[in-house]
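So this block is protein.cif, mmCIF, C-alpha atoms:
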```
data_coords
#
loop_
_atom_site.group_PDB
_atom_site.id
_atom_site.type_symbol
_atom_site.label_atom_id
_atom_site.label_comp_id
_atom_site.auth_asym_id
_atom_site.auth_seq_id
_atom_site.Cartn_x
_atom_site.Cartn_y
_atom_site.Cartn_z
ATOM 1 C CA MET A 69 -52.985 -6.447 52.754
ATOM 2 C CA THR A 70 -50.520 -5.992 49.984
ATOM 3 C CA THR A 71 -51.115 -4.311 46.648
ATOM 4 C CA ASN A 72 -52.757 -7.360 45.052
ATOM 5 C CA GLU A 73 -56.222 -5.777 45.127
ATOM 6 C CA SER A 74 -56.865 -6.183 41.393
ATOM 7 C CA THR A 75 -57.364 -9.918 41.769
ATOM 8 C CA THR A 76 -60.801 -11.558 41.536
ATOM 9 C CA ALA A 77 -60.320 -13.512 44.767
ATOM 10 C CA ALA A 78 -62.818 -12.861 47.528
ATOM 11 C CA PRO A 79 -61.647 -10.465 50.261
ATOM 12 C CA GLY A 80 -60.026 -12.280 53.139
ATOM 13 C CA SER A 81 -59.298 -15.416 51.100
ATOM 14 C CA PHE A 82 -55.594 -14.744 50.581
ATOM 15 C CA ALA A 83 -52.933 -16.750 52.320
ATOM 16 C CA PRO A 84 -51.592 -14.865 55.329
ATOM 17 C CA GLU A 85 -48.676 -12.520 54.785
ATOM 18 C CA GLU A 86 -45.529 -13.507 56.632
ATOM 19 C CA ALA A 87 -43.170 -11.188 58.446
ATOM 20 C CA PRO A 88 -39.529 -11.096 57.296
ATOM 21 C CA ARG A 89 -37.144 -13.528 58.992
ATOM 22 C CA LEU A 90 -34.374 -11.068 59.622
ATOM 23 C CA GLU A 91 -34.016 -7.303 59.400
ATOM 24 C CA TRP A 92 -30.507 -7.555 58.045
ATOM 25 C CA ALA A 93 -29.969 -3.855 57.324
ATOM 26 C CA LYS A 94 -30.767 -2.992 60.938
ATOM 27 C CA HIS A 95 -28.359 -5.592 62.284
ATOM 28 C CA ALA A 96 -25.613 -4.912 59.758
ATOM 29 C CA PRO A 97 -25.804 -1.184 58.955
ATOM 30 C CA GLU A 98 -22.241 -1.019 57.570
ATOM 31 C CA VAL A 99 -23.093 -3.824 55.188
ATOM 32 C CA TYR A 100 -26.216 -1.994 54.042
ATOM 33 C CA LYS A 101 -24.194 1.157 53.440
ATOM 34 C CA ALA A 102 -21.689 -0.805 51.354
ATOM 35 C CA MET A 103 -24.538 -2.350 49.339
ATOM 36 C CA ILE A 104 -25.936 1.095 48.537
ATOM 37 C CA ARG A 105 -22.478 2.266 47.446
ATOM 38 C CA LEU A 106 -22.042 -0.867 45.365
ATOM 39 C CA ASP A 107 -25.425 -0.406 43.716
ATOM 40 C CA THR A 108 -24.691 3.218 42.837
ATOM 41 C CA ALA A 109 -21.268 2.356 41.406
ATOM 42 C CA ALA A 110 -22.502 -0.601 39.340
ATOM 43 C CA LYS A 111 -25.293 1.186 37.499
ATOM 44 C CA ARG A 112 -23.125 4.098 36.368
ATOM 45 C CA GLY A 113 -23.130 4.257 32.568
ATOM 46 C CA LEU A 114 -25.822 1.609 32.104
ATOM 47 C CA ASP A 115 -29.054 2.215 30.205
ATOM 48 C CA PRO A 116 -31.766 2.258 32.929
ATOM 49 C CA THR A 117 -34.367 0.501 30.750
ATOM 50 C CA LEU A 118 -31.966 -2.343 30.082
ATOM 51 C CA TYR A 119 -30.884 -2.478 33.703
ATOM 52 C CA GLU A 120 -34.478 -2.957 34.893
ATOM 53 C CA LEU A 121 -34.864 -5.930 32.532
ATOM 54 C CA VAL A 122 -31.627 -7.399 33.903
ATOM 55 C CA LYS A 123 -32.810 -6.897 37.488
ATOM 56 C CA ILE A 124 -36.212 -8.466 36.854
ATOM 57 C CA ARG A 125 -34.733 -11.484 35.045
ATOM 58 C CA ALA A 126 -32.101 -12.201 37.719
ATOM 59 C CA SER A 127 -34.753 -11.828 40.423
ATOM 60 C CA GLN A 128 -37.002 -14.293 38.589
ATOM 61 C CA ILE A 129 -34.216 -16.878 38.362
ATOM 62 C CA ASN A 130 -33.312 -16.382 42.024
ATOM 63 C CA HIS A 131 -36.973 -16.349 43.099
ATOM 64 C CA CYS A 132 -36.679 -13.045 44.955
ATOM 65 C CA ALA A 133 -40.263 -11.926 45.496
ATOM 66 C CA LEU A 134 -39.342 -8.560 47.003
ATOM 67 C CA CYS A 135 -36.999 -7.753 44.108
ATOM 68 C CA ILE A 136 -39.563 -8.798 41.479
ATOM 69 C CA ASP A 137 -42.125 -6.547 43.180
ATOM 70 C CA MET A 138 -39.730 -3.623 43.309
ATOM 71 C CA HIS A 139 -38.206 -3.851 39.860
ATOM 72 C CA SER A 140 -41.394 -4.659 37.966
ATOM 73 C CA LYS A 141 -42.995 -1.599 39.540
ATOM 74 C CA ASP A 142 -39.921 0.547 38.873
ATOM 75 C CA ALA A 143 -39.881 -0.584 35.246
ATOM 76 C CA LEU A 144 -43.582 0.185 34.805
ATOM 77 C CA ALA A 145 -43.170 3.581 36.446
ATOM 78 C CA ALA A 146 -40.319 4.336 34.041
ATOM 79 C CA GLY A 147 -42.561 3.572 31.065
ATOM 80 C CA GLU A 148 -41.706 -0.072 30.396
ATOM 81 C CA SER A 149 -44.514 -2.082 28.759
ATOM 82 C CA VAL A 150 -46.483 -4.722 30.652
ATOM 83 C CA GLU A 151 -45.911 -7.111 27.743
ATOM 84 C CA ARG A 152 -42.131 -6.922 27.911
ATOM 85 C CA ILE A 153 -42.180 -7.544 31.655
ATOM 86 C CA VAL A 154 -44.631 -10.435 31.359
ATOM 87 C CA GLN A 155 -42.704 -12.060 28.501
ATOM 88 C CA LEU A 156 -39.334 -11.796 30.208
ATOM 89 C CA SER A 157 -39.514 -15.183 31.920
ATOM 90 C CA ALA A 158 -39.958 -16.767 28.449
ATOM 91 C CA TRP A 159 -37.672 -14.407 26.527
ATOM 92 C CA GLU A 160 -36.114 -17.191 24.455
ATOM 93 C CA GLU A 161 -39.526 -17.763 22.887
ATOM 94 C CA SER A 162 -40.443 -14.094 22.651
ATOM 95 C CA ARG A 163 -37.270 -12.571 21.272
ATOM 96 C CA HIS A 164 -39.145 -10.098 19.066
ATOM 97 C CA PHE A 165 -40.187 -8.172 22.166
ATOM 98 C CA TYR A 166 -36.557 -7.184 22.794
ATOM 99 C CA THR A 167 -33.631 -5.632 20.944
ATOM 100 C CA GLU A 168 -30.604 -7.770 20.103
ATOM 101 C CA LYS A 169 -28.641 -5.760 22.638
ATOM 102 C CA GLU A 170 -31.201 -6.448 25.350
ATOM 103 C CA LEU A 171 -31.214 -10.151 24.471
ATOM 104 C CA ALA A 172 -27.427 -10.299 24.745
ATOM 105 C CA ALA A 173 -27.665 -8.666 28.191
ATOM 106 C CA ILE A 174 -30.433 -11.012 29.324
ATOM 107 C CA GLU A 175 -28.440 -14.032 28.193
ATOM 108 C CA LEU A 176 -25.372 -12.799 30.045
ATOM 109 C CA THR A 177 -27.565 -12.182 33.104
ATOM 110 C CA GLU A 178 -28.653 -15.809 33.122
ATOM 111 C CA ALA A 179 -25.119 -17.153 32.683
ATOM 112 C CA VAL A 180 -23.642 -14.968 35.432
ATOM 113 C CA THR A 181 -26.578 -15.748 37.743
ATOM 114 C CA VAL A 182 -26.481 -19.541 37.349
ATOM 115 C CA LEU A 183 -22.799 -20.160 38.022
ATOM 116 C CA THR A 184 -23.463 -23.422 39.830
ATOM 117 C CA ASP A 185 -24.171 -25.199 36.529
ATOM 118 C CA GLY A 186 -20.730 -24.439 35.154
ATOM 119 C CA PHE A 187 -19.299 -21.167 33.928
ATOM 120 C CA VAL A 188 -20.070 -18.268 31.606
ATOM 121 C CA PRO A 189 -19.846 -19.690 28.052
ATOM 122 C CA ASP A 190 -17.710 -17.953 25.445
ATOM 123 C CA ALA A 191 -20.648 -17.633 23.053
ATOM 124 C CA VAL A 192 -22.677 -15.767 25.655
ATOM 125 C CA TYR A 193 -19.777 -13.538 26.604
ATOM 126 C CA GLN A 194 -18.896 -12.799 22.974
ATOM 127 C CA LYS A 195 -22.447 -11.869 22.088
ATOM 128 C CA ALA A 196 -22.511 -9.415 24.976
ATOM 129 C CA ALA A 197 -19.104 -8.056 23.996
ATOM 130 C CA ALA A 198 -20.403 -7.468 20.458
ATOM 131 C CA HIS A 199 -23.175 -5.216 21.787
ATOM 132 C CA PHE A 200 -21.519 -3.526 24.748
ATOM 133 C CA GLU A 201 -18.410 -1.398 24.433
ATOM 134 C CA GLU A 202 -16.067 -0.976 27.356
ATOM 135 C CA PRO A 203 -16.621 0.164 30.040
ATOM 136 C CA GLU A 204 -20.338 -0.607 29.660
ATOM 137 C CA LEU A 205 -19.650 -4.364 29.517
ATOM 138 C CA ALA A 206 -17.773 -4.308 32.818
ATOM 139 C CA GLN A 207 -20.616 -2.263 34.312
ATOM 140 C CA LEU A 208 -23.161 -4.774 33.029
ATOM 141 C CA ILE A 209 -21.301 -7.644 34.709
ATOM 142 C CA ALA A 210 -21.103 -5.605 37.909
ATOM 143 C CA ALA A 211 -24.804 -4.753 37.713
ATOM 144 C CA ILE A 212 -25.774 -8.412 37.280
ATOM 145 C CA THR A 213 -23.593 -9.186 40.292
ATOM 146 C CA VAL A 214 -25.266 -6.521 42.412
ATOM 147 C CA ILE A 215 -28.844 -7.603 41.726
ATOM 148 C CA ASN A 216 -27.732 -11.131 42.582
ATOM 149 C CA ALA A 217 -26.492 -9.751 45.902
ATOM 150 C CA TRP A 218 -29.800 -7.996 46.643
ATOM 151 C CA ASN A 219 -31.625 -11.203 45.704
ATOM 152 C CA ARG A 220 -29.603 -13.112 48.328
ATOM 153 C CA PHE A 221 -30.554 -10.695 51.085
ATOM 154 C CA GLY A 222 -34.193 -10.595 49.932
ATOM 155 C CA VAL A 223 -34.666 -14.357 49.718
ATOM 156 C CA THR A 224 -32.715 -15.360 52.819
ATOM 157 C CA CYS A 225 -34.389 -12.761 55.021
ATOM 158 C CA ARG A 226 -37.708 -13.544 53.326
ATOM 159 C CA MET A 227 -38.391 -9.861 52.784
ATOM 160 C CA THR A 228 -42.108 -9.302 52.232
ATOM 161 C CA PRO A 229 -43.160 -8.271 48.713
ATOM 162 C CA GLY A 230 -46.132 -6.110 47.864
ATOM 163 C CA HIS A 231 -45.454 -2.912 49.732
ATOM 164 C CA TYR A 232 -43.028 -1.203 47.408
ATOM 165 C CA THR A 233 -43.895 2.145 45.860
ATOM 166 C CA PRO A 234 -41.765 3.232 42.890
ATOM 167 C CA GLY A 235 -39.216 5.863 43.798
ATOM 168 C CA GLN A 236 -39.335 5.253 47.533
ATOM 169 C CA HIS A 237 -35.594 4.550 47.617
ATOM 170 C CA GLY A 238 -34.868 7.733 45.702
ATOM 171 C CA MET B 24 -22.614 -28.549 30.554
ATOM 172 C CA THR B 25 -20.849 -27.778 27.280
ATOM 173 C CA ALA B 26 -17.085 -27.872 27.008
ATOM 174 C CA ARG B 27 -15.254 -24.806 28.125
ATOM 175 C CA THR B 28 -12.804 -23.229 25.704
ATOM 176 C CA THR B 29 -9.998 -20.855 26.526
ATOM 177 C CA SER B 30 -9.723 -18.844 23.327
ATOM 178 C CA THR B 31 -11.593 -15.709 24.306
ATOM 179 C CA THR B 32 -9.972 -12.772 25.989
ATOM 180 C CA ARG B 33 -12.305 -11.160 28.437
ATOM 181 C CA THR B 34 -12.345 -7.787 30.042
ATOM 182 C CA THR B 35 -10.256 -7.188 33.144
ATOM 183 C CA ARG B 36 -11.998 -3.894 33.744
ATOM 184 C CA LEU B 37 -13.796 -3.289 36.981
ATOM 185 C CA ASP B 38 -15.037 0.091 38.116
ATOM 186 C CA ASP B 39 -13.020 1.398 41.069
ATOM 187 C CA GLY B 40 -16.219 2.278 42.916
ATOM 188 C CA VAL B 41 -17.532 -1.270 42.488
ATOM 189 C CA ARG B 42 -14.256 -2.771 43.678
ATOM 190 C CA SER B 43 -13.997 -0.561 46.748
ATOM 191 C CA ALA B 44 -17.679 -0.895 47.733
ATOM 192 C CA LEU B 45 -17.548 -4.677 47.449
ATOM 193 C CA GLY B 46 -14.287 -4.652 49.399
ATOM 194 C CA ALA B 47 -16.037 -2.629 52.114
ATOM 195 C CA LEU B 48 -18.921 -5.088 52.090
ATOM 196 C CA SER B 49 -16.593 -8.066 52.573
ATOM 197 C CA ALA B 50 -14.649 -6.276 55.299
ATOM 198 C CA ALA B 51 -17.797 -5.249 57.205
ATOM 199 C CA ALA B 52 -19.161 -8.780 56.946
ATOM 200 C CA LYS B 53 -15.951 -10.336 58.288
ATOM 201 C CA ARG B 54 -15.752 -7.791 61.105
ATOM 202 C CA GLY B 55 -19.316 -8.528 62.166
ATOM 203 C CA LEU B 56 -18.863 -12.268 61.993
ATOM 204 C CA SER B 57 -15.559 -12.062 63.891
ATOM 205 C CA ASP B 58 -14.571 -15.647 63.131
ATOM 206 C CA PRO B 59 -11.812 -15.542 60.485
ATOM 207 C CA ALA B 60 -11.419 -19.320 60.227
ATOM 208 C CA LEU B 61 -15.128 -19.848 59.633
ATOM 209 C CA ALA B 62 -15.167 -16.930 57.189
ATOM 210 C CA GLU B 63 -12.607 -18.714 55.013
ATOM 211 C CA LEU B 64 -14.531 -22.007 55.093
ATOM 212 C CA VAL B 65 -17.663 -20.176 53.975
ATOM 213 C CA GLN B 66 -15.862 -18.315 51.211
ATOM 214 C CA ILE B 67 -14.127 -21.455 49.948
ATOM 215 C CA ARG B 68 -17.366 -23.472 49.923
ATOM 216 C CA ALA B 69 -19.278 -20.811 47.968
ATOM 217 C CA SER B 70 -16.374 -20.550 45.506
ATOM 218 C CA GLN B 71 -16.466 -24.327 45.018
ATOM 219 C CA LEU B 72 -20.180 -24.221 44.202
ATOM 220 C CA ASN B 73 -19.701 -21.295 41.829
ATOM 221 C CA HIS B 74 -16.545 -22.801 40.259
ATOM 222 C CA CYS B 75 -14.498 -19.677 40.884
ATOM 223 C CA ALA B 76 -10.856 -20.670 40.382
ATOM 224 C CA PHE B 77 -9.538 -17.219 41.243
ATOM 225 C CA CYS B 78 -11.455 -17.093 44.543
ATOM 226 C CA LEU B 79 -10.584 -20.701 45.476
ATOM 227 C CA ASP B 80 -6.920 -20.013 44.908
ATOM 228 C CA MET B 81 -7.056 -16.835 46.984
ATOM 229 C CA HIS B 82 -9.108 -18.159 49.901
ATOM 230 C CA LEU B 83 -7.393 -21.534 50.176
ATOM 231 C CA GLY B 84 -4.139 -19.589 50.324
ATOM 232 C CA ILE B 85 -5.444 -17.305 53.060
ATOM 233 C CA ALA B 86 -6.928 -20.224 55.012
ATOM 234 C CA ARG B 87 -3.627 -22.137 54.983
ATOM 235 C CA LYS B 88 -1.677 -19.047 55.949
ATOM 236 C CA GLU B 89 -4.020 -18.504 58.883
ATOM 237 C CA GLY B 90 -3.513 -22.081 60.038
ATOM 238 C CA ALA B 91 -6.695 -23.785 58.875
ATOM 239 C CA GLY B 92 -6.663 -27.558 59.310
ATOM 240 C CA GLU B 93 -5.724 -29.381 56.107
ATOM 241 C CA ARG B 94 -8.306 -32.043 56.883
ATOM 242 C CA GLN B 95 -11.094 -29.450 56.928
ATOM 243 C CA LEU B 96 -9.920 -27.960 53.655
ATOM 244 C CA ASP B 97 -9.610 -31.399 52.046
ATOM 245 C CA LEU B 98 -13.085 -32.480 53.102
ATOM 246 C CA LEU B 99 -14.944 -29.197 52.694
ATOM 247 C CA ALA B 100 -16.549 -30.206 49.381
ATOM 248 C CA ALA B 101 -18.070 -33.241 51.170
ATOM 249 C CA TRP B 102 -18.671 -31.636 54.568
ATOM 250 C CA GLU B 103 -22.073 -33.246 55.054
ATOM 251 C CA GLU B 104 -20.468 -36.698 54.930
ATOM 252 C CA ALA B 105 -17.357 -35.703 56.866
ATOM 253 C CA GLU B 106 -18.486 -36.608 60.362
ATOM 254 C CA GLY B 107 -16.307 -35.390 63.173
ATOM 255 C CA VAL B 108 -14.459 -32.900 60.956
ATOM 256 C CA PHE B 109 -16.804 -29.909 61.257
ATOM 257 C CA ASP B 110 -18.622 -28.863 64.413
ATOM 258 C CA ALA B 111 -22.338 -28.043 64.575
ATOM 259 C CA ARG B 112 -21.780 -24.296 64.180
ATOM 260 C CA GLU B 113 -19.582 -24.789 61.126
ATOM 261 C CA ARG B 114 -22.098 -27.198 59.635
ATOM 262 C CA ALA B 115 -24.932 -24.722 60.175
ATOM 263 C CA ALA B 116 -22.900 -21.995 58.466
ATOM 264 C CA LEU B 117 -21.968 -24.257 55.555
ATOM 265 C CA ALA B 118 -25.575 -25.380 55.054
ATOM 266 C CA LEU B 119 -26.640 -21.721 54.960
ATOM 267 C CA THR B 120 -23.821 -20.947 52.529
ATOM 268 C CA GLU B 121 -25.067 -23.610 50.151
ATOM 269 C CA ALA B 122 -28.720 -22.564 50.383
ATOM 270 C CA VAL B 123 -27.945 -18.874 49.831
ATOM 271 C CA THR B 124 -25.564 -19.660 46.958
ATOM 272 C CA VAL B 125 -27.926 -21.979 45.076
ATOM 273 C CA LEU B 126 -31.020 -19.770 45.003
ATOM 274 C CA THR B 127 -31.917 -20.928 41.515
ATOM 275 C CA GLU B 128 -33.185 -24.242 42.843
ATOM 276 C CA GLY B 129 -35.739 -22.711 45.131
ATOM 277 C CA PHE B 130 -35.293 -20.718 48.314
ATOM 278 C CA VAL B 131 -33.582 -20.904 51.698
ATOM 279 C CA PRO B 132 -35.371 -23.702 53.615
ATOM 280 C CA ASP B 133 -36.717 -23.011 57.107
ATOM 281 C CA GLY B 134 -34.678 -25.871 58.557
ATOM 282 C CA VAL B 135 -31.418 -24.454 57.228
ATOM 283 C CA TYR B 136 -32.237 -20.928 58.359
ATOM 284 C CA GLU B 137 -33.383 -22.011 61.822
ATOM 285 C CA GLU B 138 -30.305 -24.152 62.404
ATOM 286 C CA ALA B 139 -28.107 -21.162 61.515
ATOM 287 C CA ALA B 140 -30.182 -18.940 63.818
ATOM 288 C CA ARG B 141 -29.552 -21.412 66.660
ATOM 289 C CA HIS B 142 -25.796 -20.964 66.353
ATOM 290 C CA PHE B 143 -25.549 -17.261 65.499
ATOM 291 C CA ASP B 144 -27.222 -14.281 67.137
ATOM 292 C CA VAL B 145 -29.073 -11.877 64.812
ATOM 293 C CA GLY B 146 -25.985 -9.708 64.306
ATOM 294 C CA GLY B 147 -23.789 -12.688 63.565
ATOM 295 C CA LEU B 148 -26.396 -14.131 61.231
ATOM 296 C CA ALA B 149 -26.807 -10.858 59.316
ATOM 297 C CA HIS B 150 -23.025 -10.643 58.855
ATOM 298 C CA LEU B 151 -22.724 -14.305 57.905
ATOM 299 C CA LEU B 152 -25.365 -13.727 55.231
ATOM 300 C CA ALA B 153 -23.475 -10.617 54.112
ATOM 301 C CA LEU B 154 -20.265 -12.630 53.806
ATOM 302 C CA ILE B 155 -21.979 -15.340 51.749
ATOM 303 C CA THR B 156 -23.438 -12.617 49.535
ATOM 304 C CA ALA B 157 -20.079 -10.841 49.193
ATOM 305 C CA ILE B 158 -18.190 -13.953 48.125
ATOM 306 C CA ASN B 159 -20.993 -14.800 45.707
ATOM 307 C CA SER B 160 -20.476 -11.329 44.241
ATOM 308 C CA TRP B 161 -16.716 -11.776 43.873
ATOM 309 C CA ASN B 162 -17.362 -15.191 42.314
ATOM 310 C CA ARG B 163 -19.597 -13.565 39.682
ATOM 311 C CA LEU B 164 -17.125 -10.809 38.878
ATOM 312 C CA MET B 165 -14.228 -13.255 38.506
ATOM 313 C CA VAL B 166 -16.002 -16.094 36.676
ATOM 314 C CA GLY B 167 -17.904 -13.667 34.441
ATOM 315 C CA ARG B 168 -14.642 -12.049 33.315
ATOM 316 C CA ARG B 169 -12.686 -15.347 33.514
ATOM 317 C CA ILE B 170 -9.928 -13.896 35.688
ATOM 318 C CA PRO B 171 -7.239 -16.596 36.011
ATOM 319 C CA PRO B 172 -6.200 -17.843 39.456
ATOM 320 C CA GLY B 173 -3.313 -15.856 40.850
ATOM 321 C CA SER B 174 -3.860 -12.969 38.445
ATOM 322 C CA THR B 175 -2.880 -9.551 39.725
ATOM 323 C CA GLN B 176 -5.137 -7.851 37.164
ATOM 324 C CA TRP B 177 -8.669 -8.012 38.418
#
```
Written as structure tokens, that's how I'd like the structure from this file.
Amino acid sequence: MTTNESTTAAPGSFAPEEAPRLEWAKHAPEVYKAMIRLDTAAKRGLDPTLYELVKIRASQINHCALCIDMHSKDALAAGESVERIVQLSAWEESRHFYTEKELAAIELTEAVTVLTDGFVPDAVYQKAAAHFEEPELAQLIAAITVINAWNRFGVTCRMTPGHYTPGQHG
Amino acid sequence: MTARTTSTTRTTRLDDGVRSALGALSAAAKRGLSDPALAELVQIRASQLNHCAFCLDMHLGIARKEGAGERQLDLLAAWEEAEGVFDARERAALALTEAVTVLTEGFVPDGVYEEAARHFDVGGLAHLLALITAINSWNRLMVGRRIPPGSTQW
């Protein structure tokens, strides 16, 4: 059983939990090491509160259940409000929950995450550039890229959500 | 899709640690896959889907230099309809590339994953996934900063 015990559903009525498809880190340890290095390098100089919002939003768009589990819990553990996490998937309609700087970062997150629809519009880029000085802007783009990478491993390998404890990855 | 303009100058900055870690990720993925021709097809296809001009320019160049068939490169964007041009293993890898690249539309379907798992052992599959993820990362860094094709500043 995962950590969904606060629900009102009767015990034993949940859908069965599935095992992951592929333990990628075990089969590609050099790749995992590079991902950890990449993650560490990308977050340097970024505000951690903002970065958690970016990670949650990208993970929502990419439907990465493991990453949503992990980053929502990390955000809560770091003092983020439940409301801001809950509202994030509808941030365009709940802008007053976020600072203008956060909104610019969230908008850039969406544009850089959904490349298949086109490109990263000038208006989105310019808004981000108005709120983020160099080198923070370059770090933000890198950070959005890295959570997108984790999302790809999480979704493809169907990593199981629900077992993450904040801080377990140090 | 709104019209793209070219007026804005974007940052060419990229943290050295990010560049070298992502370089290591790509290199480890290619080593583990140990199929350079297929690696280029995968990287070109992902770059097509993500509209990364810089990455297309680079990987089409590498593919041609390494002797990739022109017919494969020409028909890569329509590989599903290009019967007889790509073998079953290449098709499985390309289908996985598309599913892993377009996560926003859903997830990676069982059929696509299982077909890839039929053609690649677990190590090969893990490294193929890593390669798809790595090129998706380069695509984001280049498109996000609008690095022009052929640029030496990236």
query = Counting all atoms listed in the file, which residues from chain B have an atom at most 8 Å from any atom of chain A, and could you show them as JSON, numbers by chain?
reply = {"B": [24, 27, 28, 31, 34, 36, 37, 38, 40, 41, 44, 45, 47, 48, 51, 52, 55, 72, 73, 74, 123, 124, 125, 126, 127, 128, 129, 130, 131, 136, 145, 146, 149, 150, 152, 153, 156, 157, 159, 160, 163, 164, 166, 167]}
inquiry  = Please expand the PyMOL selection byres ((chain A and resi 227-235) around 9) into the concrete residues it hits in this file, giving the result as a PyMOL selection string.
reply    = chain A and resi 69-72+85-91+132-139+141-145+221-226+236-238
Using all atoms listed in the file, which protein or nucleic acid residues come within 10 Å of Val154 in chain A? Drop anything in the same chain fewer than 5 positions from it, and give the result as a PDB file with C-alpha atoms, in the frame of the given file.
```
ATOM      1  CA  SER A 140     -41.394  -4.659  37.966  1.00  0.00           C
ATOM      2  CA  SER A 149     -44.514  -2.082  28.759  1.00  0.00           C
ATOM      3  CA  TRP A 159     -37.672 -14.407  26.527  1.00  0.00           C
TER       4      TRP A 159
END
```
Separation of CA of Thr35 in chain B from CA of Pro172 in chain B in Å =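 Answer for the CA of Pro172 in chain B to CA of Thr35 in chain B separation: 13.0 Å.
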request  = Provide the CA of Leu96 in chain B to CA of Ile155 in chain B distance in Å, to one decimal place.
outcome  =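 These atoms are spaced 17.6 Å apart.
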query = Between CA of Glu121 in chain B and CA of Ala83 in chain A, what is the distance, to one decimal in Å?
reply =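 Separation of CA of Glu121 in chain B and CA of Ala83 in chain A: 28.8 Å.
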Please, what is the axis-aligned box for every listed atom of range 140-148 of chain A with 6 Å on each side, as centre and edge lengths in Å to one decimal, as lines of an AutoDock Vina configuration file?
```
center_x = -41.7
center_y = -0.2
center_z = 35.0
size_x = 15.7
size_y = 21.0
size_z = 21.1
```
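Excluding Leu117 in chain B itself and any same-chain residue fewer than 5 positions from it, the protein and nucleic acid residues within 8 Å of it, counting all atoms listed in the file, are Leu64, Val65 and Arg68 of chain B.
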